[in-house]
$ cat data.pdb   # PDB, C-alpha atoms
ATOM      1  CA  GLY A   3      86.882  75.433  93.509
ATOM      2  CA  ALA A   4      89.997  77.132  94.764
ATOM      3  CA  VAL A   5      89.529  80.859  94.733
ATOM      4  CA  VAL A   6      92.033  83.420  95.943
ATOM      5  CA  SER A   7      91.218  87.093  96.250
ATOM      6  CA  GLN A   8      93.584  90.003  96.568
ATOM      7  CA  HIS A   9      92.999  93.553  97.718
ATOM      8  CA  PRO A  10      93.507  96.178  96.500
ATOM      9  CA  SER A  11      93.661  95.420  92.797
ATOM     10  CA  TRP A  12      95.680  98.557  92.227
ATOM     11  CA  VAL A  13      97.252 101.227  94.408
ATOM     12  CA  ILE A  14      99.207 104.398  93.877
ATOM     13  CA  CYS A  15     101.318 105.685  96.725
ATOM     14  CA  LYS A  16     103.962 108.306  97.327
ATOM     15  CA  SER A  17     107.601 107.452  97.774
ATOM     16  CA  GLY A  18     108.444 106.740 101.407
ATOM     17  CA  THR A  19     105.000 105.524 102.422
ATOM     18  CA  SER A  20     103.919 101.951 103.190
ATOM     19  CA  VAL A  21     101.329  99.849 101.423
ATOM     20  CA  LYS A  22      99.556  96.707 102.629
ATOM     21  CA  ILE A  23      98.233  94.062 100.254
ATOM     22  CA  GLU A  24      95.829  91.359 101.439
ATOM     23  CA  CYS A  25      95.551  87.860 100.035
ATOM     24  CA  ARG A  26      92.651  85.621 101.001
ATOM     25  CA  SER A  27      91.765  82.043 100.152
ATOM     26  CA  LEU A  28      87.974  82.095  99.894
ATOM     27  CA  ASP A  29      86.984  78.445  99.733
ATOM     28  CA  PHE A  30      89.960  76.480 101.001
ATOM     29  CA  GLN A  31      92.539  76.546 103.736
ATOM     30  CA  ALA A  32      95.858  77.737 102.415
ATOM     31  CA  THR A  33      98.501  76.109 104.539
ATOM     32  CA  THR A  34     101.116  77.896 102.489
ATOM     33  CA  MET A  35     100.895  81.190 100.674
ATOM     34  CA  PHE A  36     103.420  82.513  98.209
ATOM     35  CA  TRP A  37     104.145  86.073  97.147
ATOM     36  CA  TYR A  38     105.438  86.844  93.684
ATOM     37  CA  ARG A  39     106.289  89.975  91.791
ATOM     38  CA  GLN A  40     106.057  90.252  88.057
ATOM     39  CA  PHE A  41     107.588  92.963  85.888
ATOM     40  CA  PRO A  42     106.101  93.685  82.449
ATOM     41  CA  LYS A  43     106.682  90.887  79.950
ATOM     42  CA  GLN A  44     108.557  88.838  82.511
ATOM     43  CA  SER A  45     107.948  85.687  84.471
ATOM     44  CA  LEU A  46     106.773  85.252  88.031
ATOM     45  CA  MET A  47     109.557  85.781  90.550
ATOM     46  CA  LEU A  48     109.011  84.230  93.950
ATOM     47  CA  MET A  49     109.613  86.710  96.756
ATOM     48  CA  ALA A  50     108.697  84.694  99.810
ATOM     49  CA  THR A  51     106.900  81.651 101.137
ATOM     50  CA  SER A  52     104.768  81.828 104.255
ATOM     51  CA  ASN A  53     103.270  79.029 106.292
ATOM     52  CA  GLU A  54     100.387  79.730 108.596
ATOM     53  CA  GLY A  55     101.572  80.723 112.033
ATOM     54  CA  SER A  56     105.272  80.866 111.236
ATOM     55  CA  LYS A  57     107.743  83.361 109.854
ATOM     56  CA  ALA A  58     108.026  83.805 106.116
ATOM     57  CA  THR A  59     110.984  82.458 104.184
ATOM     58  CA  TYR A  60     112.408  85.027 101.782
ATOM     59  CA  GLU A  61     114.176  84.336  98.508
ATOM     60  CA  GLN A  62     117.723  85.493  98.069
ATOM     61  CA  GLY A  63     117.914  89.191  97.356
ATOM     62  CA  VAL A  64     114.501  90.034  98.830
ATOM     63  CA  GLU A  65     114.726  92.371 101.820
ATOM     64  CA  LYS A  66     112.634  90.954 104.626
ATOM     65  CA  ASP A  67     112.546  94.286 106.455
ATOM     66  CA  LYS A  68     111.152  95.983 103.376
ATOM     67  CA  PHE A  69     108.598  93.362 102.400
ATOM     68  CA  LEU A  70     106.828  92.336 105.588
ATOM     69  CA  ILE A  71     104.729  89.206 105.322
ATOM     70  CA  ASN A  72     102.193  87.998 107.844
ATOM     71  CA  HIS A  73     100.233  84.750 107.556
ATOM     72  CA  ALA A  74      98.054  84.936 110.632
ATOM     73  CA  SER A  75      95.381  82.452 109.577
ATOM     74  CA  LEU A  76      94.766  79.671 107.076
ATOM     75  CA  THR A  77      92.860  82.079 104.840
ATOM     76  CA  LEU A  78      94.740  85.367 105.091
ATOM     77  CA  SER A  79      98.234  86.561 104.300
ATOM     78  CA  THR A  80      99.385  90.157 104.011
ATOM     79  CA  LEU A  81     102.341  91.786 102.305
ATOM     80  CA  THR A  82     103.399  95.228 103.472
ATOM     81  CA  VAL A  83     105.797  97.175 101.295
ATOM     82  CA  THR A  84     107.523  99.565 103.668
ATOM     83  CA  SER A  85     109.123 102.860 102.653
ATOM     84  CA  ALA A  86     108.137 102.261  99.058
ATOM     85  CA  HIS A  87     110.290 103.619  96.235
ATOM     86  CA  PRO A  88     109.548 103.926  92.516
ATOM     87  CA  GLU A  89     111.597 100.803  91.801
ATOM     88  CA  ASP A  90     109.103  98.838  93.925
ATOM     89  CA  SER A  91     106.428  99.550  91.324
ATOM     90  CA  SER A  92     105.339  96.174  90.007
ATOM     91  CA  PHE A  93     102.551  93.610  89.797
ATOM     92  CA  TYR A  94     102.379  91.643  93.052
ATOM     93  CA  ILE A  95     100.576  88.295  92.992
ATOM     94  CA  CYS A  96      99.876  85.867  95.800
ATOM     95  CA  SER A  97      98.996  82.212  95.605
ATOM     96  CA  GLY A  98      97.730  79.629  98.041
ATOM     97  CA  ARG A  99      98.389  75.936  98.422
ATOM     98  CA  ARG A 100      96.532  73.263 100.355
ATOM     99  CA  ARG A 101      98.449  71.056 102.749
ATOM    100  CA  GLY A 102     100.149  68.156 101.030
ATOM    101  CA  LEU A 103      99.344  69.287  97.482
ATOM    102  CA  TYR A 104     101.482  70.995  94.873
ATOM    103  CA  GLU A 105      98.777  72.984  93.091
ATOM    104  CA  GLN A 106      98.952  76.739  93.572
ATOM    105  CA  TYR A 107      95.965  78.999  92.992
ATOM    106  CA  PHE A 108      96.669  82.614  92.244
ATOM    107  CA  GLY A 109      95.041  85.821  93.297
ATOM    108  CA  PRO A 110      94.198  88.454  90.671
ATOM    109  CA  GLY A 111      97.249  90.529  91.522
ATOM    110  CA  THR A 112      97.858  94.045  92.790
ATOM    111  CA  ARG A 113      99.382  96.693  90.580
ATOM    112  CA  LEU A 114     101.531  98.976  92.748
ATOM    113  CA  THR A 115     102.703 102.307  91.415
ATOM    114  CA  VAL A 116     105.023 104.399  93.564
ATOM    115  CA  THR A 117     105.333 108.035  92.569
TER     116      THR A 117
ATOM    117  CA  GLY B   3     117.772  74.083  92.936
ATOM    118  CA  GLU B   4     115.421  73.568  90.026
ATOM    119  CA  ASN B   5     116.139  75.267  86.705
ATOM    120  CA  VAL B   6     113.374  75.500  84.104
ATOM    121  CA  GLU B   7     113.960  76.432  80.479
ATOM    122  CA  GLN B   8     111.013  77.238  78.230
ATOM    123  CA  HIS B   9     110.879  77.565  74.435
ATOM    124  CA  PRO B  10     109.902  79.332  72.315
ATOM    125  CA  SER B  11     109.515  82.752  73.884
ATOM    126  CA  THR B  12     106.986  83.767  71.226
ATOM    127  CA  LEU B  13     104.797  81.669  68.962
ATOM    128  CA  SER B  14     102.363  82.731  66.271
ATOM    129  CA  VAL B  15      99.967  80.258  64.704
ATOM    130  CA  GLN B  16      97.007  80.446  62.368
ATOM    131  CA  GLU B  17      93.633  79.774  63.899
ATOM    132  CA  GLY B  18      92.923  76.072  63.748
ATOM    133  CA  ASP B  19      96.566  75.022  63.742
ATOM    134  CA  SER B  20      98.356  73.347  66.647
ATOM    135  CA  ALA B  21     100.785  74.964  69.058
ATOM    136  CA  VAL B  22     103.532  73.234  71.024
ATOM    137  CA  ILE B  23     105.528  74.720  73.877
ATOM    138  CA  LYS B  24     108.437  72.852  75.461
ATOM    139  CA  CYS B  25     110.112  73.006  78.843
ATOM    140  CA  THR B  26     113.114  71.292  80.326
ATOM    141  CA  TYR B  27     113.929  70.925  83.986
ATOM    142  CA  SER B  28     117.049  70.024  85.898
ATOM    143  CA  ASP B  29     115.996  68.145  89.047
ATOM    144  CA  SER B  30     115.389  64.487  88.264
ATOM    145  CA  ALA B  31     113.421  64.159  91.515
ATOM    146  CA  SER B  32     110.746  66.592  90.319
ATOM    147  CA  ASN B  33     107.375  64.899  90.006
ATOM    148  CA  TYR B  34     104.768  67.583  89.320
ATOM    149  CA  PHE B  35     104.582  69.788  86.227
ATOM    150  CA  PRO B  36     101.858  72.396  85.822
ATOM    151  CA  TRP B  37     101.050  74.748  82.979
ATOM    152  CA  TYR B  38      99.555  78.180  83.576
ATOM    153  CA  LYS B  39      97.845  80.573  81.179
ATOM    154  CA  GLN B  40      98.058  84.277  81.884
ATOM    155  CA  GLU B  41      96.118  86.883  79.965
ATOM    156  CA  LEU B  42      97.345  90.454  80.015
ATOM    157  CA  GLY B  43      96.944  92.034  83.445
ATOM    158  CA  LYS B  44      95.264  88.961  84.905
ATOM    159  CA  ARG B  45      96.145  86.125  87.221
ATOM    160  CA  PRO B  46      97.915  82.968  86.052
ATOM    161  CA  GLN B  47      95.371  80.166  85.726
ATOM    162  CA  LEU B  48      96.221  76.501  86.023
ATOM    163  CA  ILE B  49      95.144  74.849  82.782
ATOM    164  CA  ILE B  50      96.641  71.390  83.073
ATOM    165  CA  ASP B  51      99.226  69.530  85.113
ATOM    166  CA  ILE B  52     100.925  66.155  85.033
ATOM    167  CA  ARG B  53     102.573  63.979  87.608
ATOM    168  CA  SER B  54     105.568  61.799  86.970
ATOM    169  CA  ASN B  55     103.673  58.531  87.106
ATOM    170  CA  VAL B  56     102.035  59.234  83.734
ATOM    171  CA  GLY B  57     103.473  60.161  80.339
ATOM    172  CA  GLU B  58     100.544  62.082  78.899
ATOM    173  CA  LYS B  59      97.410  63.822  80.045
ATOM    174  CA  LYS B  60      94.701  65.336  77.894
ATOM    175  CA  ASP B  61      91.850  67.739  78.548
ATOM    176  CA  GLN B  62      89.824  68.555  75.450
ATOM    177  CA  ARG B  63      92.076  70.606  73.158
ATOM    178  CA  ILE B  64      95.071  70.732  75.488
ATOM    179  CA  ALA B  65      97.490  67.975  76.394
ATOM    180  CA  VAL B  66     100.737  67.685  78.261
ATOM    181  CA  THR B  67     103.416  65.069  77.640
ATOM    182  CA  LEU B  68     106.252  64.198  79.961
ATOM    183  CA  ASN B  69     109.570  62.523  79.229
ATOM    184  CA  LYS B  70     111.275  61.907  82.566
ATOM    185  CA  THR B  71     114.343  60.346  81.017
ATOM    186  CA  ALA B  72     115.045  63.452  78.967
ATOM    187  CA  LYS B  73     113.659  65.742  81.668
ATOM    188  CA  HIS B  74     111.309  67.647  79.448
ATOM    189  CA  PHE B  75     107.586  68.201  79.171
ATOM    190  CA  SER B  76     105.453  69.871  76.544
ATOM    191  CA  LEU B  77     102.112  71.609  76.194
ATOM    192  CA  HIS B  78     100.095  70.845  73.091
ATOM    193  CA  ILE B  79      97.115  72.939  72.029
ATOM    194  CA  THR B  80      95.132  71.677  69.064
ATOM    195  CA  GLU B  81      92.590  73.537  66.934
ATOM    196  CA  THR B  82      93.786  76.858  68.314
ATOM    197  CA  GLN B  83      91.309  79.688  68.732
ATOM    198  CA  PRO B  84      91.863  83.442  69.167
ATOM    199  CA  GLU B  85      90.975  83.141  72.860
ATOM    200  CA  ASP B  86      94.005  80.878  73.306
ATOM    201  CA  SER B  87      96.182  83.970  72.787
ATOM    202  CA  ALA B  88      98.001  84.561  76.085
ATOM    203  CA  VAL B  89     101.292  83.950  77.851
ATOM    204  CA  TYR B  90     101.835  80.368  78.943
ATOM    205  CA  PHE B  91     104.170  79.398  81.775
ATOM    206  CA  CYS B  92     105.461  75.982  82.682
ATOM    207  CA  ALA B  93     106.736  75.213  86.153
ATOM    208  CA  ALA B  94     108.521  72.534  88.112
ATOM    209  CA  PRO B  95     108.613  72.013  91.869
ATOM    210  CA  ARG B  96     111.331  73.003  94.282
ATOM    211  CA  GLY B  97     110.024  71.444  97.453
ATOM    212  CA  TYR B  98     106.474  72.792  97.544
ATOM    213  CA  GLN B  99     107.518  75.945  95.732
ATOM    214  CA  LEU B 100     107.331  76.277  91.970
ATOM    215  CA  THR B 101     110.047  77.492  89.644
ATOM    216  CA  PHE B 102     108.545  79.053  86.538
ATOM    217  CA  GLY B 103     109.806  79.166  82.997
ATOM    218  CA  LYS B 104     110.187  82.552  81.340
ATOM    219  CA  GLY B 105     106.913  82.197  79.471
ATOM    220  CA  THR B 106     105.730  81.834  75.883
ATOM    221  CA  LYS B 107     103.584  84.484  74.277
ATOM    222  CA  LEU B 108     101.151  82.680  72.004
ATOM    223  CA  SER B 109      99.352  84.655  69.326
ATOM    224  CA  VAL B 110      96.578  82.965  67.385
ATOM    225  CA  ILE B 111      95.925  84.770  64.131
ATOM    226  CA  PRO B 112      92.298  84.657  62.950
TER     227      PRO B 112
END
$ encode --input "data.pdb" --output "structure tokens"
Amino acid sequence: GAVVSQHPSWVICKSGTSVKIECRSLDFQATTMFWYRQFPKQSLMLMATSNEGSKATYEQGVEKDKFLINHASLTLSTLTVTSAHPEDSSFYICSGRRRGLYEQYFGPGTRLTVT
Amino acid sequence: GENVEQHPSTLSVQEGDSAVIKCTYSDSASNYFPWYKQELGKRPQLIIDIRSNVGEKKDQRIAVTLNKTAKHFSLHITETQPEDSAVYFCAAPRGYQLTFGKGTKLSVIP
């Protein structure tokens, strides 16, 4: 299999605080992990791509200082939303990819609500 | 970069009928085309994919066809069941990233 877990599944935080989301590949080594956000009834929008041991590559329009990504090992990547604001409320989903393959396997997502 | 167009945005079918969803892509070098199914509030799940060296791939009630000349690929679901109701996304590669279509909400009416 190719299982990806994500924690927490949902979080509510106050405006101005930071939130960390963890993404783990449970039964494979994820050379690359991707972070997406998804608004209601919309498609998946890629935020950033991270390769193990190197800096993340952010998509145009995504603030790298606001969305901090760390990919410290082949099974763990974290996304930290810093100084969260209500407009950051969304469904954040990670995915992992094995080296040399296209297939991406998604985590269950994290619903972030900023009040 | 890759541009993926997906149609229709919504599709309603009677249980037992077939459903077809189509996607077009822009990069002629693309060679991997997955389809994902996403139920409300859940993760996208890979249901079938096709590589450019084949024109069709089938897995039980679902199939994907690829026309590289026209740069489009389609998802076919036969004998639809209520549990097929979900949002379906196609995607095409941009390097090792994926560009997703906007999604098709499929409703199967019992």
$ resolve_selection --input "data.pdb" --expression "the PyMOL selection byres ((chain B) within 12 of (chain A))" --output "PyMOL selection string"
chain B and resi 6-8+11-12+32-53+88-107
$ write_last_selection --input "data.pdb" --atoms "C-alpha atoms" --output "PDB file, keeping the file's coordinate frame"
ATOM      1  CA  VAL B   6     113.374  75.500  84.104  1.00  0.00           C
ATOM      2  CA  GLU B   7     113.960  76.432  80.479  1.00  0.00           C
ATOM      3  CA  GLN B   8     111.013  77.238  78.230  1.00  0.00           C
ATOM      4  CA  SER B  11     109.515  82.752  73.884  1.00  0.00           C
ATOM      5  CA  THR B  12     106.986  83.767  71.226  1.00  0.00           C
ATOM      6  CA  SER B  32     110.746  66.592  90.319  1.00  0.00           C
ATOM      7  CA  ASN B  33     107.375  64.899  90.006  1.00  0.00           C
ATOM      8  CA  TYR B  34     104.768  67.583  89.320  1.00  0.00           C
ATOM      9  CA  PHE B  35     104.582  69.788  86.227  1.00  0.00           C
ATOM     10  CA  PRO B  36     101.858  72.396  85.822  1.00  0.00           C
ATOM     11  CA  TRP B  37     101.050  74.748  82.979  1.00  0.00           C
ATOM     12  CA  TYR B  38      99.555  78.180  83.576  1.00  0.00           C
ATOM     13  CA  LYS B  39      97.845  80.573  81.179  1.00  0.00           C
ATOM     14  CA  GLN B  40      98.058  84.277  81.884  1.00  0.00           C
ATOM     15  CA  GLU B  41      96.118  86.883  79.965  1.00  0.00           C
ATOM     16  CA  LEU B  42      97.345  90.454  80.015  1.00  0.00           C
ATOM     17  CA  GLY B  43      96.944  92.034  83.445  1.00  0.00           C
ATOM     18  CA  LYS B  44      95.264  88.961  84.905  1.00  0.00           C
ATOM     19  CA  ARG B  45      96.145  86.125  87.221  1.00  0.00           C
ATOM     20  CA  PRO B  46      97.915  82.968  86.052  1.00  0.00           C
ATOM     21  CA  GLN B  47      95.371  80.166  85.726  1.00  0.00           C
ATOM     22  CA  LEU B  48      96.221  76.501  86.023  1.00  0.00           C
ATOM     23  CA  ILE B  49      95.144  74.849  82.782  1.00  0.00           C
ATOM     24  CA  ILE B  50      96.641  71.390  83.073  1.00  0.00           C
ATOM     25  CA  ASP B  51      99.226  69.530  85.113  1.00  0.00           C
ATOM     26  CA  ILE B  52     100.925  66.155  85.033  1.00  0.00           C
ATOM     27  CA  ARG B  53     102.573  63.979  87.608  1.00  0.00           C
ATOM     28  CA  ALA B  88      98.001  84.561  76.085  1.00  0.00           C
ATOM     29  CA  VAL B  89     101.292  83.950  77.851  1.00  0.00           C
ATOM     30  CA  TYR B  90     101.835  80.368  78.943  1.00  0.00           C
ATOM     31  CA  PHE B  91     104.170  79.398  81.775  1.00  0.00           C
ATOM     32  CA  CYS B  92     105.461  75.982  82.682  1.00  0.00           C
ATOM     33  CA  ALA B  93     106.736  75.213  86.153  1.00  0.00           C
ATOM     34  CA  ALA B  94     108.521  72.534  88.112  1.00  0.00           C
ATOM     35  CA  PRO B  95     108.613  72.013  91.869  1.00  0.00           C
ATOM     36  CA  ARG B  96     111.331  73.003  94.282  1.00  0.00           C
ATOM     37  CA  GLY B  97     110.024  71.444  97.453  1.00  0.00           C
ATOM     38  CA  TYR B  98     106.474  72.792  97.544  1.00  0.00           C
ATOM     39  CA  GLN B  99     107.518  75.945  95.732  1.00  0.00           C
ATOM     40  CA  LEU B 100     107.331  76.277  91.970  1.00  0.00           C
ATOM     41  CA  THR B 101     110.047  77.492  89.644  1.00  0.00           C
ATOM     42  CA  PHE B 102     108.545  79.053  86.538  1.00  0.00           C
ATOM     43  CA  GLY B 103     109.806  79.166  82.997  1.00  0.00           C
ATOM     44  CA  LYS B 104     110.187  82.552  81.340  1.00  0.00           C
ATOM     45  CA  GLY B 105     106.913  82.197  79.471  1.00  0.00           C
ATOM     46  CA  THR B 106     105.730  81.834  75.883  1.00  0.00           C
ATOM     47  CA  LYS B 107     103.584  84.484  74.277  1.00  0.00           C
TER      48      LYS B 107
END
$ atom_distance --input "data.pdb" --atom1 "atom CA of A:Arg100" --atom2 "atom CA of A:Gln31"
6.2 Å
$ resolve_selection --input "data.pdb" --expression "the PyMOL selection byres ((chain B and resi 68) around 12)" --output "MDAnalysis selection string"
chainID B and resid 24:27 32:36 51:60 65:67 69:78 94
$ closest_residue --input "data.pdb" --among "A:Pro10, A:Pro88, A:Gly3, A:Gly63" --to "A:Phe30" --atoms "only C-alpha atoms"
A:Gly3
$ atom_distance --input "data.pdb" --atom1 "atom CA of B:Asp86" --atom2 "atom CA of B:Glu17"
9.5 Å
$ residues_around --input "data.pdb" --residues "B:Pro84" --least-positions-apart "4" --cutoff "7 Å" --atoms "all atoms listed in the file" --output "list in words"
Glu17, Val110, Ile111 and Pro112 of chain B
$ resolve_selection --input "data.pdb" --expression "the PyMOL selection byres ((chain A and resi 5) around 7)" --output "PyMOL selection string"
chain A and resi 3-4+6-7+27-29+107
$ residues_around --input "data.pdb" --residues "stretch 70-87 of chain A" --least-positions-apart "3" --cutoff "8 Å" --atoms "all atoms listed in the file" --output "PyMOL selection string"
chain A and resi 15-28+30-33+35+37+52-58+66-67+90-91+116-117
$ residues_around --input "data.pdb" --residues "B:Gly18" --least-positions-apart "6" --cutoff "8 Å" --atoms "all atoms listed in the file" --output "mmCIF file with C-alpha atoms, in the coordinates of the input"
data_model
loop_
_atom_site.group_PDB
_atom_site.id
_atom_site.type_symbol
_atom_site.label_atom_id
_atom_site.label_comp_id
_atom_site.auth_asym_id
_atom_site.auth_seq_id
_atom_site.Cartn_x
_atom_site.Cartn_y
_atom_site.Cartn_z
ATOM 1 C CA THR B 80 95.132 71.677 69.064
ATOM 2 C CA GLU B 81 92.590 73.537 66.934
ATOM 3 C CA THR B 82 93.786 76.858 68.314
ATOM 4 C CA GLN B 83 91.309 79.688 68.732
#
$ axis_aligned_box --input "data.pdb" --around "stretch 37-44 of chain A" --padding-each-side "6 Å" --output "JSON"
{"center_x": 106.4, "center_y": 89.9, "center_z": 88.5, "size_x": 16.4, "size_y": 19.6, "size_z": 29.2}
$ atom_distance --input "data.pdb" --atom1 "atom CA of A:Gln8" --atom2 "atom CA of A:Tyr94"
9.6 Å
$ residues_near_point --input "data.pdb" --point "(100.9, 84.4, 69.4)" --cutoff "6 Å" --atoms "all atoms listed in the file" --output "PyMOL selection string"
chain B and resi 13-14+87+107-110
